[in-house]
Amino acid sequence: MSMADVAAGKTGTRWRSRAGDRRSTRTLRLRTSVALLALTVLAVLLVPPLVRLDQQAVDLAAKLQAPTWAHPFGTDDVGRDLLLRCVYGLRVSLLVGVAAALTATVVGTAVGAAAGALGGWVDRSVMRVVDALSSVPHLLMGIFIVAMFRPGVWPVVASVALTHWLSTARIVRAEVLSLRARPHIDAAVSGGASRWRVTVRHLLPGVLPQAALAAVLMVPHAMWHESALSFLGLGLPTHTASLGNLVQEARGSLLAGHWWPTLFPGLFIIVPTLAVAGLAGAWRERINPRRRSELML
Amino acid sequence: MLELRSITAGYDRKVPVFRDVSLSVAPGQAVGLLGPSGCGKSTLARVAALLHRPDSGTLLLDGTPVRRWRHRAPRDRRTAVGVVFQQARLSADPRLTLADLVAEPLRATGRREEAAGRVAELAGAVGLTTDLLTRRPHEVSDGQLQRACLARALVLRPRWLVCDEMTAMLDASTTAALVRVVEDYRAATGAGLLAVGHDRVLLDRWCDRTVEWASLVPPAATTS
């Protein structure tokens with residue numbers, strides 16, 4: 001073993017022991033996030049087909065029961081089992097979250113890449129439109145969009161997606177601009193590549209990790225928006241169990257001291273979103289280790 | 001003939017990097033351009049390769065002035081000038097294997113079917129083994145990557161070659177090998193060469209004519 005190896009070994013171990021603590025918290029966070037997310041997905045996918053219980057079954061004799069073994073989350077004001085309602089609600093909320101995040105990312109990536117790749121006045125005018133749209137509060141614009149349609153899942157998806165592609169467009173444009181100045185793009189241009197080919201083959205693949213990360217981070221955000229819209233009574237129709245609807249319905253009984261109909265749907269909003277955010281944070285740390293990640297929402 | 005006529009170029013219209021620079025490269029001729037760091041050699045090389053629109057002045061390819069630059073330039077004019085950049089690491093798309101890197105211009109210009117044969121031929125010429133061709137840029141050395149970048153510049157058989165400090169980061173034997181490849185190509189095709197660098201010994205031995213950057217810049221225009 002040469003001197004250099006010894007020195008390298010020494011600094012190596014010292015670095016490990018110092019960074020070890022941080023790494024173990026990070027691993028713990030990652031594992032918790034993955035476990036919670038797996039649990040959520042399993043519950044959402046497996047419970048409805050396996051458990052043949054009717055989430056809409058009304059039992060007025062058992063209304064507003066506190067959590068018991070028969071009803072682990074208690075029952076609501078018409079005696080429906082809250083655990084079942086929560087799982088169904090999460091199902092809808094996740095669907096809205098994922099669909100809205102995907103749509104927002106596709107739209108945002110397309111607009112951002114077009115602005116960045118074309119540059120010049122196209123870039124300037126597109127980005128001014130983006131600035132103008134982002135100056136309107138998201139919720140206000142979202143309310144405006146849902147108000148134009150009949151209540152349902154897809155108007156809510158559209159409302160969330162159409163208000164949330166702006167940040168992705170900005171991220172993608174910035175990345176494209178920084179990639180565009182690199183010599184390998186010059187080399188591609190000099191090799192006869194068309195603007196389309198440069199964008200699709202050389203610029204977009206470089207932006208994809210950032211865009212995918214933005215998409216994942218968008219999922220919890222979209223779920224919150226769905227809940228907010230439903231809570232305001234503007235989102236999904238009231239008979240559909242969504243987490244926002246559940247909290248909204250439970251509002252009245254909270255004042256009477258019944259805590260469970262608000263607490264459990266509330267937890268169902270918070271836990272999966274934290275899990276997704278934790279996972280995205282770990283991922284971001286991987287692709288960009290120099291930036292220490294706090295929980296990003 | 002590749003002629004740069006009183007070119008003024010830079011990245012800010014108010015503060016051009018250089019003014020009124022003229023230089024020409026005849027077919028088959030090798031011109032070396034010597035200059036200190038930061039004087040604008042690379043910018044001039046980018047202008048010559050149709051990659052940077054000058055603020056004023058004309059670039060003539062075979063007597064026809066170039067009016068459109070970068071993507072807007074007609075494909076056959078853009079590809080008439082091959083470029084090798086100084087930093088191989090930055091001028092290679094990190095996602096492509098070396099074989100794809102070399103074949104990329106053929107694919108981009110719709111000559112996909114020639115790719116396999118041409119890549120094998122050029123790999124032999126620049127000294128890349130089949131094993132290296134399957135690797136990605138981060139898995140090879142700077143010298144190996146620069147060989148691939150030179151192969152990429154030659155793959156469309158350009159009539160001019162612009163080597164912007166092609167060998168600045170390489171060792172003597174790789175430098176010699178790359179210069180040999182360029183010279184073999186020029187001997188075979190009669191292509192012109194603009195070699196930009198700061199190594200006088202190399203450029204004097206490599207090129208038919210070596211010009212100093214200072215002699216290109218009109219004395220009145222030197223601002224600093």
# chains A, B, ... in the order shown; residues from 1 in each chain; ligands from 1
>>> residues_around(residues="Val119 of chain B", least_positions_apart="5", cutoff="8 Å", atoms="only C-alpha atoms", output="PDB file with N, CA and C atoms, in the first residue's frame")
ATOM      1  N   ALA B  99     -19.903   5.351 -30.536  1.00  0.00           N
ATOM      2  CA  ALA B  99     -20.356   4.976 -31.879  1.00  0.00           C
ATOM      3  C   ALA B  99     -21.522   5.870 -32.316  1.00  0.00           C
ATOM      4  N   VAL B 102     -20.311   9.427 -33.135  1.00  0.00           N
ATOM      5  CA  VAL B 102     -19.707   9.573 -34.457  1.00  0.00           C
ATOM      6  C   VAL B 102     -20.787   9.496 -35.539  1.00  0.00           C
ATOM      7  N   ALA B 103     -21.784   8.634 -35.320  1.00  0.00           N
ATOM      8  CA  ALA B 103     -22.811   8.426 -36.350  1.00  0.00           C
ATOM      9  C   ALA B 103     -23.874   9.515 -36.342  1.00  0.00           C
ATOM     10  N   VAL B 155     -17.106  12.823 -40.316  1.00  0.00           N
ATOM     11  CA  VAL B 155     -18.011  11.794 -40.794  1.00  0.00           C
ATOM     12  C   VAL B 155     -18.809  12.246 -42.018  1.00  0.00           C
TER      13      VAL B 155
END
>>> closest_atom_pairs(of="chain A", to="chain B", cutoff="7 Å", atoms="only C-alpha atoms", output="CSV")
residue,atom,partner,partner_atom,distance
A:Arg182,CA,B:Leu90,CA,6.6
A:Pro183,CA,B:Ser91,CA,4.5
A:His184,CA,B:Ser91,CA,3.8
A:Asp186,CA,B:Leu51,CA,6.7
A:Ala187,CA,B:Ser91,CA,6.5
A:Val189,CA,B:Arg70,CA,6.3
A:Ser190,CA,B:Arg78,CA,5.7
A:Gly191,CA,B:Pro105,CA,4.6
A:Gly192,CA,B:Arg75,CA,5.4
A:Ala193,CA,B:Ala108,CA,4.9
A:Ser194,CA,B:His71,CA,6.2
A:Arg195,CA,B:His71,CA,6.0
>>> write_last_selection(atoms="C-alpha atoms", output="PDB file, in the first residue's frame")
ATOM      1  CA  ARG A 182     -22.906  23.939 -24.346  1.00  0.00           C
ATOM      2  CA  PRO A 183     -20.515  22.987 -27.139  1.00  0.00           C
ATOM      3  CA  HIS A 184     -22.208  19.649 -27.751  1.00  0.00           C
ATOM      4  CA  ASP A 186     -22.909  23.517 -31.333  1.00  0.00           C
ATOM      5  CA  ALA A 187     -21.463  20.230 -32.499  1.00  0.00           C
ATOM      6  CA  VAL A 189     -25.856  22.021 -35.203  1.00  0.00           C
ATOM      7  CA  SER A 190     -22.633  21.810 -37.145  1.00  0.00           C
ATOM      8  CA  GLY A 191     -23.401  18.149 -37.858  1.00  0.00           C
ATOM      9  CA  GLY A 192     -26.559  19.206 -39.681  1.00  0.00           C
ATOM     10  CA  ALA A 193     -29.147  18.530 -36.969  1.00  0.00           C
ATOM     11  CA  SER A 194     -32.436  20.381 -37.374  1.00  0.00           C
ATOM     12  CA  ARG A 195     -33.803  22.506 -34.573  1.00  0.00           C
TER      13      ARG A 195
END
>>> residues_around(residues="Glu3 of chain B", least_positions_apart="2", cutoff="10 Å", atoms="only C-alpha atoms", output="JSON, numbers by chain")
{"B": [1, 5, 6, 22, 23, 24, 25, 26, 48, 58, 59, 60, 61, 62, 63, 64, 65]}
>>> select_by_dssp(residues="segment 9-173 of chain B", states="strand (DSSP E or B)", output="number ranges by chain")
B: 9, 18-25, 30-34, 56-61, 64-65, 81-84, 160-164
>>> atom_distance(atom1="atom CA of Ile7 of chain B", atom2="atom CA of Val21 of chain B")
4.9 Å
>>> residues_around(residues="Ala275 of chain A", least_positions_apart="5", cutoff="8 Å", atoms="only C-alpha atoms", output="ChimeraX atom specification")
/A:32-34,36-37
>>> write_last_selection(atoms="C-alpha atoms", output="PDB file, in the first residue's frame")
ATOM      1  CA  THR A  32     -40.342   5.581   5.787  1.00  0.00           C
ATOM      2  CA  SER A  33     -41.494   7.408   2.700  1.00  0.00           C
ATOM      3  CA  VAL A  34     -41.315   4.292   0.563  1.00  0.00           C
ATOM      4  CA  LEU A  36     -45.921   4.745   3.636  1.00  0.00           C
ATOM      5  CA  LEU A  37     -46.315   5.212  -0.061  1.00  0.00           C
TER       6      LEU A  37
END
>>> closest_residue(among="B:Leu98, B:Val201, B:Ala115, B:Leu193", to="Thr134 of chain B", atoms="only C-alpha atoms")
B:Leu98
>>> closest_residue(among="A:Trp165, A:Trp196, A:His258, A:Ala277", to="Gly108 of chain A", atoms="only C-alpha atoms")
A:Trp165
>>> closest_residue(among="B:Leu216, B:Val31, B:Ala168, B:Ala123", to="Ala151 of chain B", atoms="only C-alpha atoms")
B:Ala123
